[in-house]
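Trainee: File start.txt below, compact mmCIF, C-alpha atoms:
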```txt
# COMPACT_ATOMS: atom_id res chain seq x y z
CA MET A 124 123.10 53.01 75.12
CA PHE A 125 120.80 55.95 74.54
CA ARG A 126 119.39 55.61 78.09
CA ALA A 127 122.91 55.61 79.60
CA GLU A 128 123.87 58.73 77.65
CA LEU A 129 120.63 60.42 78.68
CA GLY A 130 121.24 59.57 82.34
CA LEU A 131 124.78 60.93 82.14
CA LEU A 132 123.46 64.15 80.56
CA VAL A 133 120.94 64.58 83.37
CA LEU A 134 123.68 64.15 85.98
CA VAL A 135 125.90 66.70 84.24
CA CYS A 136 123.02 69.20 84.17
CA LEU A 137 122.29 68.65 87.84
CA PHE A 138 125.93 69.23 88.80
CA ALA A 139 126.01 72.33 86.63
CA LEU A 140 122.91 73.72 88.35
CA ALA A 141 123.99 72.75 91.87
CA PRO A 142 126.08 75.86 92.63
CA GLY A 143 123.15 78.08 91.70
CA VAL A 144 120.78 76.08 93.86
CA ASP A 145 123.15 76.21 96.83
CA ALA A 146 123.64 79.94 96.36
CA GLN A 147 119.91 80.53 96.53
CA LYS A 148 119.73 78.64 99.81
CA GLU A 149 122.46 80.70 101.44
CA PRO A 150 121.00 82.97 104.12
CA SER A 151 120.88 86.59 103.11
CA LYS A 152 123.05 89.03 105.02
CA PRO A 153 121.28 90.68 107.93
CA LYS A 154 119.85 94.09 107.15
CA VAL A 155 121.85 96.94 108.64
CA ASP A 156 119.59 99.64 110.03
CA ASN A 157 120.26 103.23 109.03
CA GLY A 158 121.79 105.10 111.96
CA VAL A 159 120.09 108.42 111.27
CA ALA A 160 116.64 106.82 110.88
CA THR A 161 117.20 104.84 114.08
CA ALA A 162 118.25 107.97 115.97
CA LEU A 163 115.25 109.87 114.62
CA TRP A 164 112.80 107.17 115.72
CA PHE A 165 114.60 106.96 119.06
CA SER A 166 114.06 110.71 119.44
CA HIS A 167 110.36 110.33 118.60
CA GLN A 168 110.16 107.84 121.45
CA TYR A 169 112.26 109.57 124.11
CA ALA A 170 112.93 113.26 123.29
CA SER A 171 111.23 116.21 124.97
CA PRO A 172 107.82 117.02 123.42
CA ASP A 173 108.95 120.57 122.55
CA ALA A 174 111.61 119.10 120.24
CA LEU A 175 109.12 116.93 118.35
CA THR A 176 106.88 119.51 116.67
CA PRO A 177 106.89 119.66 112.85
CA GLY A 178 108.52 123.09 113.00
CA LYS A 179 111.56 121.61 114.74
CA ASP A 180 111.79 118.37 112.77
CA ARG A 181 114.33 119.64 110.25
CA GLN A 182 116.53 121.04 113.01
CA LEU A 183 116.37 117.70 114.84
CA LYS A 184 117.37 115.75 111.72
CA ILE A 185 120.29 118.09 110.96
CA LYS A 186 121.53 117.67 114.53
CA LEU A 187 121.34 113.87 114.29
CA ILE A 188 122.98 113.73 110.86
CA THR A 189 125.84 115.93 112.06
CA ALA A 190 126.37 113.93 115.25
CA LEU A 191 126.25 110.50 113.62
CA GLY A 192 128.55 111.63 110.83
CA LYS A 193 131.33 111.72 113.45
CA SER A 194 130.57 108.49 115.33
CA PRO A 195 127.72 105.96 115.66
CA GLU A 196 126.50 107.40 118.94
CA LEU A 197 124.68 110.35 120.41
CA SER A 198 126.27 112.30 123.26
CA TRP A 199 124.53 114.45 125.85
CA GLU A 200 126.48 117.43 124.56
CA THR A 201 124.87 116.95 121.14
CA ALA A 202 121.41 115.96 122.40
CA SER A 203 120.96 118.48 125.22
CA ASP A 204 118.66 120.73 123.15
CA CYS A 205 116.27 117.85 122.43
CA PHE A 206 116.23 115.58 125.48
CA ASP A 207 115.46 115.90 129.15
CA LYS A 208 118.75 115.30 130.96
CA ALA A 209 117.39 112.76 133.44
CA THR A 210 115.77 110.73 130.64
CA PHE A 211 118.90 110.77 128.51
CA GLN A 212 121.27 109.85 131.34
CA LYS A 213 119.04 106.99 132.43
CA LEU A 214 119.37 105.44 128.96
CA ALA A 215 122.97 106.39 128.21
CA VAL A 216 126.21 104.52 128.91
CA ASN A 217 127.85 106.22 131.89
CA GLY A 218 125.15 108.85 131.57
CA ASN A 219 126.83 110.45 128.59
CA THR A 220 126.44 108.59 125.27
CA ILE A 221 123.90 106.31 123.58
CA THR A 222 125.07 104.14 120.70
CA VAL A 223 122.95 103.44 117.63
CA GLU A 224 123.07 99.77 118.58
CA LYS A 225 121.47 100.52 121.95
CA MET A 226 118.89 102.79 120.32
CA GLU A 227 117.90 99.91 118.04
CA ARG A 228 117.57 97.58 121.01
CA LEU A 229 115.46 100.04 122.99
CA LEU A 230 113.21 100.68 120.01
CA LYS A 231 112.62 96.97 119.44
CA GLU A 232 111.70 96.54 123.10
CA LYS A 233 109.23 99.45 122.88
CA THR A 234 107.63 98.49 119.57
CA PRO A 235 103.88 98.33 120.30
CA GLN A 236 102.02 95.16 119.39
CA SER A 237 99.65 97.08 117.13
CA ARG A 238 102.61 98.18 114.97
CA LYS A 239 103.78 94.58 114.72
CA ASP A 240 100.25 93.62 113.66
CA MET A 241 100.17 96.15 110.80
CA ASN A 242 100.34 95.03 107.18
CA ALA A 243 104.05 95.00 106.33
CA LYS A 244 103.75 97.33 103.34
CA THR A 245 101.62 99.80 105.29
CA ARG A 246 104.05 99.82 108.18
CA LEU A 247 107.00 100.37 105.85
CA HIS A 248 105.24 103.35 104.27
CA ALA A 249 104.51 104.79 107.69
CA ASP A 250 108.22 104.41 108.50
CA LEU A 251 109.01 106.60 105.51
CA LEU A 252 106.44 109.28 106.35
CA THR A 253 107.80 109.63 109.89
CA THR A 254 111.06 110.92 108.40
CA GLN A 255 109.24 113.75 106.59
CA PHE A 256 107.50 115.76 109.30
CA ASP A 257 109.36 118.92 108.24
CA THR A 258 107.30 118.91 105.02
CA ILE A 259 104.00 119.39 106.87
CA GLU A 260 102.49 122.66 105.67
CA GLU A 261 103.21 125.68 107.84
CA ALA A 262 99.49 126.50 108.00
CA HIS A 263 98.71 123.04 109.42
CA ARG A 264 101.30 122.99 112.21
CA LYS A 265 99.28 125.09 114.66
CA HIS A 266 96.24 122.91 114.08
CA ALA A 267 98.32 119.77 114.59
CA GLU A 268 99.22 121.12 118.02
CA GLU A 269 95.54 121.80 118.75
CA LEU A 270 94.64 118.20 117.93
CA VAL A 271 97.52 116.83 120.04
CA VAL A 272 96.49 118.92 123.05
CA TRP A 273 92.82 117.93 122.67
CA ILE A 274 93.53 114.19 122.42
CA VAL A 275 95.93 114.23 125.39
CA LYS A 276 93.44 116.16 127.51
CA ASN A 277 90.53 113.85 126.69
CA TYR A 278 92.33 110.51 126.50
CA LYS A 279 91.29 107.83 128.97
CA ALA A 280 92.65 104.31 128.78
CA GLY A 281 89.94 102.01 127.49
CA LYS A 282 87.72 104.94 126.54
CA PRO A 283 89.65 107.23 124.20
CA PRO A 284 87.99 110.13 122.34
CA GLY A 285 86.98 109.80 118.69
CA VAL A 286 88.04 111.94 115.73
CA ILE A 287 85.80 112.49 112.69
CA VAL A 288 87.56 113.68 109.53
CA ILE A 289 85.11 115.70 107.45
CA CYS A 290 84.94 116.94 103.86
CA THR A 291 81.97 117.76 101.65
CA ARG A 292 81.28 114.52 99.78
CA ASN A 293 83.21 112.06 101.96
CA THR A 294 84.81 110.48 98.91
CA ARG A 295 88.50 111.47 98.94
CA ARG A 296 90.20 113.67 101.54
CA SER A 297 88.11 112.61 104.53
CA MET A 298 88.52 108.93 103.60
CA LEU A 299 92.27 109.41 103.29
CA GLY A 300 92.48 111.34 106.55
CA ALA A 301 90.47 108.81 108.56
CA THR A 302 92.37 105.82 107.19
CA MET A 303 95.78 107.41 107.68
CA GLY A 304 94.67 108.47 111.17
CA ASN A 305 93.90 104.85 112.01
CA VAL A 306 97.22 103.76 110.50
CA ALA A 307 99.01 106.35 112.64
CA ALA A 308 97.17 105.24 115.79
CA ALA A 309 98.22 101.62 115.23
CA TYR A 310 101.79 102.65 114.41
CA TYR A 311 102.16 104.50 117.71
CA GLY A 312 100.43 101.92 119.85
CA LEU A 313 97.08 103.68 120.28
CA PRO A 314 94.80 101.40 118.21
CA ASP A 315 91.82 102.12 120.46
CA LEU A 316 91.92 105.77 119.33
CA LYS A 317 89.52 105.65 116.39
CA PHE A 318 89.30 107.92 113.36
CA TYR A 319 86.05 108.13 111.40
CA SER A 320 85.07 109.84 108.15
CA GLY A 321 82.02 111.84 107.20
CA GLY A 322 80.71 114.57 104.93
CA THR A 323 78.02 117.17 104.49
CA ASN A 324 76.81 115.88 101.10
CA PRO A 325 77.94 112.22 100.86
CA GLU A 326 78.42 110.43 97.56
CA ALA A 327 80.66 107.29 97.47
CA PHE A 328 84.11 106.02 98.38
CA ASN A 329 86.00 107.04 95.21
CA PRO A 330 87.87 104.23 93.37
CA ARG A 331 90.94 106.46 93.02
CA THR A 332 91.02 106.95 96.79
CA ILE A 333 90.75 103.20 97.24
CA ALA A 334 93.58 102.58 94.76
CA THR A 335 96.00 104.98 96.45
CA LEU A 336 95.40 103.35 99.85
CA GLN A 337 95.81 99.87 98.39
CA GLU A 338 99.11 101.03 96.93
CA ILE A 339 100.55 101.25 100.47
CA GLY A 340 99.20 97.88 101.57
CA VAL A 341 95.80 98.82 103.02
CA GLU A 342 93.38 96.01 102.15
CA ILE A 343 90.06 97.32 100.83
CA GLU A 344 87.36 94.91 99.70
CA PRO A 345 83.63 95.38 98.95
CA THR A 346 81.36 93.66 101.46
CA GLY A 347 78.59 93.16 98.91
CA LYS A 348 76.33 95.53 100.82
CA ASP A 349 75.33 99.08 99.96
CA ALA A 350 74.79 102.14 102.13
CA PRO A 351 72.06 104.73 101.41
CA ARG A 352 72.76 106.85 98.34
CA GLY A 353 73.43 110.56 98.48
CA LYS A 354 71.70 113.32 96.53
CA GLU A 355 73.54 112.41 93.33
CA GLY A 356 72.11 108.88 93.42
CA THR A 357 75.54 107.29 93.03
CA ALA A 358 75.91 103.68 94.21
CA ASN A 359 77.45 103.69 97.70
CA PRO A 360 79.10 100.31 98.44
CA ILE A 361 80.25 99.41 101.94
CA TYR A 362 83.90 98.34 102.08
CA SER A 363 86.01 96.42 104.53
CA VAL A 364 89.19 98.44 105.19
CA LYS A 365 92.04 96.59 106.90
CA TRP A 366 95.50 97.94 107.76
CA GLY A 367 96.62 94.96 109.87
CA LYS A 368 95.70 91.95 111.95
CA GLY A 369 92.65 92.94 113.98
CA LEU A 370 92.98 96.49 112.63
CA GLU A 371 89.99 97.10 110.41
CA THR A 372 86.74 98.95 109.95
CA LEU A 373 83.80 99.30 107.58
CA GLU A 374 83.90 102.38 105.37
CA PHE A 375 81.35 104.07 103.13
CA SER A 376 80.33 107.60 102.25
CA LYS A 377 78.04 109.12 104.89
CA LYS A 378 77.09 112.31 106.70
CA TYR A 379 79.32 113.10 109.63
CA ALA A 380 76.33 112.61 111.95
CA ASP A 381 75.71 109.07 110.65
CA ALA A 382 74.98 106.37 113.22
CA ALA A 383 78.33 104.74 112.40
CA ASN A 384 80.16 107.77 113.86
CA PRO A 385 80.39 109.16 117.42
CA LYS A 386 77.42 111.33 118.36
CA ASP A 387 79.19 113.78 120.66
CA GLY A 388 82.45 114.49 122.44
CA PHE A 389 84.52 114.02 119.28
CA ALA A 390 87.05 116.24 117.52
CA ALA A 391 85.97 117.36 114.04
CA VAL A 392 88.91 117.73 111.64
CA LEU A 393 87.72 119.56 108.51
CA VAL A 394 89.96 118.76 105.55
CA CYS A 395 88.31 120.85 102.85
CA SER A 396 87.60 124.59 102.69
CA GLU A 397 83.99 124.06 101.61
CA ALA A 398 83.16 121.95 104.66
CA ASP A 399 85.00 124.44 106.86
CA THR A 400 82.89 127.30 105.45
CA ASN A 401 79.59 125.43 105.46
CA CYS A 402 80.05 124.03 108.97
CA PRO A 403 80.86 126.93 111.29
CA MET A 404 79.40 124.66 113.96
CA VAL A 405 79.67 120.87 113.90
CA ALA A 406 76.85 119.38 115.96
CA GLY A 407 78.17 117.25 118.81
CA ALA A 408 81.82 118.18 118.33
CA ALA A 409 83.92 119.02 121.37
CA ALA A 410 86.60 120.53 119.13
CA ARG A 411 86.55 121.91 115.60
CA ILE A 412 89.93 121.91 113.83
CA PRO A 413 90.29 123.08 110.20
CA VAL A 414 93.11 121.39 108.25
CA PRO A 415 92.18 122.10 104.60
CA TYR A 416 93.88 120.31 101.69
CA LEU A 417 93.46 120.75 97.95
CA ASP A 418 91.11 118.19 96.41
CA PRO A 419 92.97 115.60 94.29
CA LYS A 420 89.76 115.40 92.24
CA ALA A 421 91.05 118.47 90.36
CA PHE A 422 93.56 116.17 88.64
CA ASP A 423 91.22 113.31 87.76
CA ASP A 424 92.06 111.82 84.34
CA ALA A 425 95.38 113.69 84.14
CA PRO A 426 98.42 111.54 83.22
CA PHE A 427 99.72 112.06 86.77
CA GLU A 428 96.37 111.44 88.49
CA ALA A 429 97.70 108.60 90.67
CA ALA A 430 100.66 110.71 91.80
CA LYS A 431 98.35 113.51 92.96
CA TYR A 432 96.23 111.10 94.99
CA ALA A 433 99.41 109.63 96.53
CA GLU A 434 100.56 113.18 97.31
CA ARG A 435 97.37 113.94 99.22
CA ARG A 436 97.42 110.55 100.98
CA ASP A 437 100.94 111.22 102.20
CA ASP A 438 100.24 114.83 103.18
CA GLU A 439 97.45 113.67 105.45
CA GLY A 440 99.48 110.66 106.57
CA ARG A 441 102.39 112.82 107.73
CA PHE A 442 100.00 115.10 109.59
CA MET A 443 98.33 112.20 111.39
CA LEU A 444 101.58 110.40 112.21
CA SER A 445 103.11 113.58 113.62
CA VAL A 446 100.01 114.19 115.75
CA LEU A 447 99.96 110.63 117.09
CA MET A 448 103.72 110.57 117.71
CA GLN A 449 103.49 113.72 119.83
CA THR A 450 100.33 112.44 121.52
CA ARG A 451 102.00 109.16 122.48
CA ARG A 452 105.01 110.95 123.98
CA ARG A 453 102.91 113.35 126.02
CA LEU A 454 100.57 110.64 127.27
CA GLU A 455 103.55 108.66 128.53
CA LEU A 456 105.01 111.68 130.31
CA ASP A 457 101.58 112.40 131.84
CA GLY A 458 101.45 108.86 133.17
CA LYS A 459 98.40 107.96 131.09
CA LEU A 460 100.28 105.19 129.27
CA LYS A 461 102.74 102.62 130.53
```
Translate this file's structure into structure tokens.
Mentor:
Amino acid sequence: MFRAELGLLVLVCLFALAPGVDAQKEPSKPKVDNGVATALWFSHQYASPDALTPGKDRQLKIKLITALGKSPELSWETASDCFDKATFQKLAVNGNTITVEKMERLLKEKTPQSRKDMNAKTRLHADLLTTQFDTIEEAHRKHAEELVVWIVKNYKAGKPPGVIVICTRNTRRSMLGATMGNVAAAYYGLPDLKFYSGGTNPEAFNPRTIATLQEIGVEIEPTGKDAPRGKEGTANPIYSVKWGKGLETLEFSKKYADAANPKDGFAAVLVCSEADTNCPMVAGAAARIPVPYLDPKAFDDAPFEAAKYAERRDDEGRFMLSVLMQTRRRLELDGKLK
């Protein structure tokens, strides 16, 4: 009798749970892409280079928000300030309008394999940063243009130029800049364009820098090997840094002239004022571009320490993504990319 009652109780419980189980198996509704974000990314892919500088990013977004607030499409009348007419008409329906739906389709077709290969969390964070180019510091915009022009001029398929990001101790800002540069290169389909880090007085890859990169999905693991120590004698572990499938490098604190970095023909991007002052000439560099940022080290051990490191990571990330977005567009127009 007891067994029969127990069996009946089990059946009742199963029937009671069944609706919940079925509900969990129901396919989720497809994600609806945001029209403004889609139009912005479409513009990054197809607009005229002059419309894609950080100084014009806010104006571009306002134009897109206004246009899409009226209907889910972009007309030539609205887009004429930002697009080349022949390019727009080639993509538009009847040469006059492009719907958000078509923009989404075109973007999916043009998504580079290296972006698909990125770690999902890292790619999603890059998506966010590409909507914030108007927040790039005014002082850095001219230097962003310098870096774009230099890369485009020196880019050769299969043999792209290198960029070394330099700060004094190669522990924080230069590590962030090089990693976010590599993330940006993968995002815009230029994974063979490599960013390196270096310093003038190397120390070690700071754990706080590692943590803020891991926060956005960059995988950083010690290799178990150590690099030579700097003047301070601090342990200098070598790390594997990976931002996607086949997208990885080894990173450790080193002088900018270290054997792991290009010897000549590179662009030197100086991200701290001290390195900029102490290195009026960077040996082997074909271009010297100062882009100084405040050191997040100033806020070590503050309650908001992590937020300040994330702030610097994203500042440098926006800069690099903007540079690589503009570079990609100009290389395509120059016929250097398919």
Trainee: Hey, can you check how far atom CA of A:Phe165 sits from atom CA of A:Arg441?
Mentor: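 About the pair atom CA of A:Phe165 and atom CA of A:Arg441: they are 17.7 Å apart.
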Trainee: Ranking A:Asn293, A:Thr253, A:Asn242, A:Ser166 by minimum distance to A:Phe211 and counting only C-alpha atoms, which one comes first?
Mentor: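 Answer, going by the shortest atom-to-atom distance: A:Ser166.
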Trainee: Within 6 Å of stretch 424-440 of chain A, counting all atoms listed in the file, which residues qualify if same-chain residues fewer than 6 places away don't, as an MDAnalysis selection string?
Mentor: chainID A and resid 299:300 303 335
Trainee: Which residue out of A:Arg331, A:Arg296, A:His167, A:Arg453 has the minimum interatomic distance to A:Ser396 when all atoms listed in the file are used?
Mentor: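 Checking each of A:Arg331, A:Arg296, A:His167, A:Arg453 against A:Ser396, counting all atoms listed in the file, the winner is A:Arg296.
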Trainee: How many Å separate atom CA of A:Val394 from atom CA of A:Val288?
Mentor: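 Distance between the two atoms: 6.9 Å.
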Trainee: With all atoms listed in the file as the counted atoms, please give the residues lying no more than 10 Å from A:Pro345, apart from itself and same-chain residues fewer than 4 positions off, as a PyMOL selection string.
Mentor: chain A and resi 349+360-364+373-375
Trainee: Considering all atoms listed in the file, state which residue in the set A:Ile289, A:Val275, A:Ala162, A:Ile188 is at the smallest distance from A:Asn401.
Mentor: A:Ile289
Trainee: Would you compute the distance between atom CA of A:Tyr319 and atom CA of A:Ile287? Give it in Å to one decimal.
Mentor: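 Separating atom CA of A:Tyr319 from atom CA of A:Ile287 is a distance of 4.6 Å.
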Trainee: I need the residue nearest A:Gln255 from this list: A:Ala382, A:Val405, A:Ala209, A:Leu444. Use all atoms listed in the file for the distance.
Mentor: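 Closest residue, counting all atoms listed in the file: A:Leu444.
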Trainee: Residues proximal to (102.2, 104.2, 114.2) were defined as those with any atom within 8 Å of that point in the file's coordinates, counting only C-alpha atoms. Which are they, as a list of chain:residue names?
Mentor: A:Arg238, A:Arg246, A:Ala249, A:Val306, A:Ala307, A:Ala308, A:Ala309, A:Tyr310, A:Tyr311, A:Gly312, A:Leu313, A:Leu444, A:Leu447, A:Met448
Trainee: Rank A:Tyr278, A:Arg295, A:Ser194, A:Gly218 by their smallest atom-to-atom distance to A:Asp457, using all atoms listed in the file, and report the top residue only.
Mentor: A:Tyr278
Trainee: From the set A:Cys205, A:Pro284, A:Asp423, A:Ser297, which residue has the shortest atom-to-atom contact distance to A:Asp387, counting all atoms listed in the file?
Mentor: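 Residue with the minimum atom-to-atom distance to A:Asp387: A:Pro284.
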Trainee: For A:Ala215, list every protein, DNA or RNA residue within 12 Å, evaluated using all atoms listed in the file, and leave out those in the same chain fewer than 2 positions away; present the list as a ChimeraX atom specification.
Mentor: /A:169,196-199,202,206,208-213,217-226,229
Trainee: Store the residues picked out above in a file with C-alpha atoms, as a CSV table (one decimal), in the coordinates of the input.
Mentor:
```
chain,number,residue,atom,x,y,z
A,169,TYR,CA,112.3,109.6,124.1
A,196,GLU,CA,126.5,107.4,118.9
A,197,LEU,CA,124.7,110.4,120.4
A,198,SER,CA,126.3,112.3,123.3
A,199,TRP,CA,124.5,114.4,125.8
A,202,ALA,CA,121.4,116.0,122.4
A,206,PHE,CA,116.2,115.6,125.5
A,208,LYS,CA,118.8,115.3,131.0
A,209,ALA,CA,117.4,112.8,133.4
A,210,THR,CA,115.8,110.7,130.6
A,211,PHE,CA,118.9,110.8,128.5
A,212,GLN,CA,121.3,109.8,131.3
A,213,LYS,CA,119.0,107.0,132.4
A,217,ASN,CA,127.8,106.2,131.9
A,218,GLY,CA,125.2,108.8,131.6
A,219,ASN,CA,126.8,110.4,128.6
A,220,THR,CA,126.4,108.6,125.3
A,221,ILE,CA,123.9,106.3,123.6
A,222,THR,CA,125.1,104.1,120.7
A,223,VAL,CA,123.0,103.4,117.6
A,224,GLU,CA,123.1,99.8,118.6
A,225,LYS,CA,121.5,100.5,122.0
A,226,MET,CA,118.9,102.8,120.3
A,229,LEU,CA,115.5,100.0,123.0
```
Trainee: Would you kindly return, as an NGL selection string, each protein, DNA or RNA residue with an atom no farther than 10 Å from any atom of A:Val341, considering only C-alpha atoms and excluding same-chain residues fewer than 2 positions away?
Mentor: :A and (241-246 or 302-303 or 306 or 333-339 or 343-344 or 364-367 or 371)
Trainee: What lies within 8 Å of A:Thr357 using only C-alpha atoms, ignoring chain neighbours under 3 positions off, as a list in words?
Mentor: Glu326, Ala327, Arg352, Gly353 and Lys354 of chain A
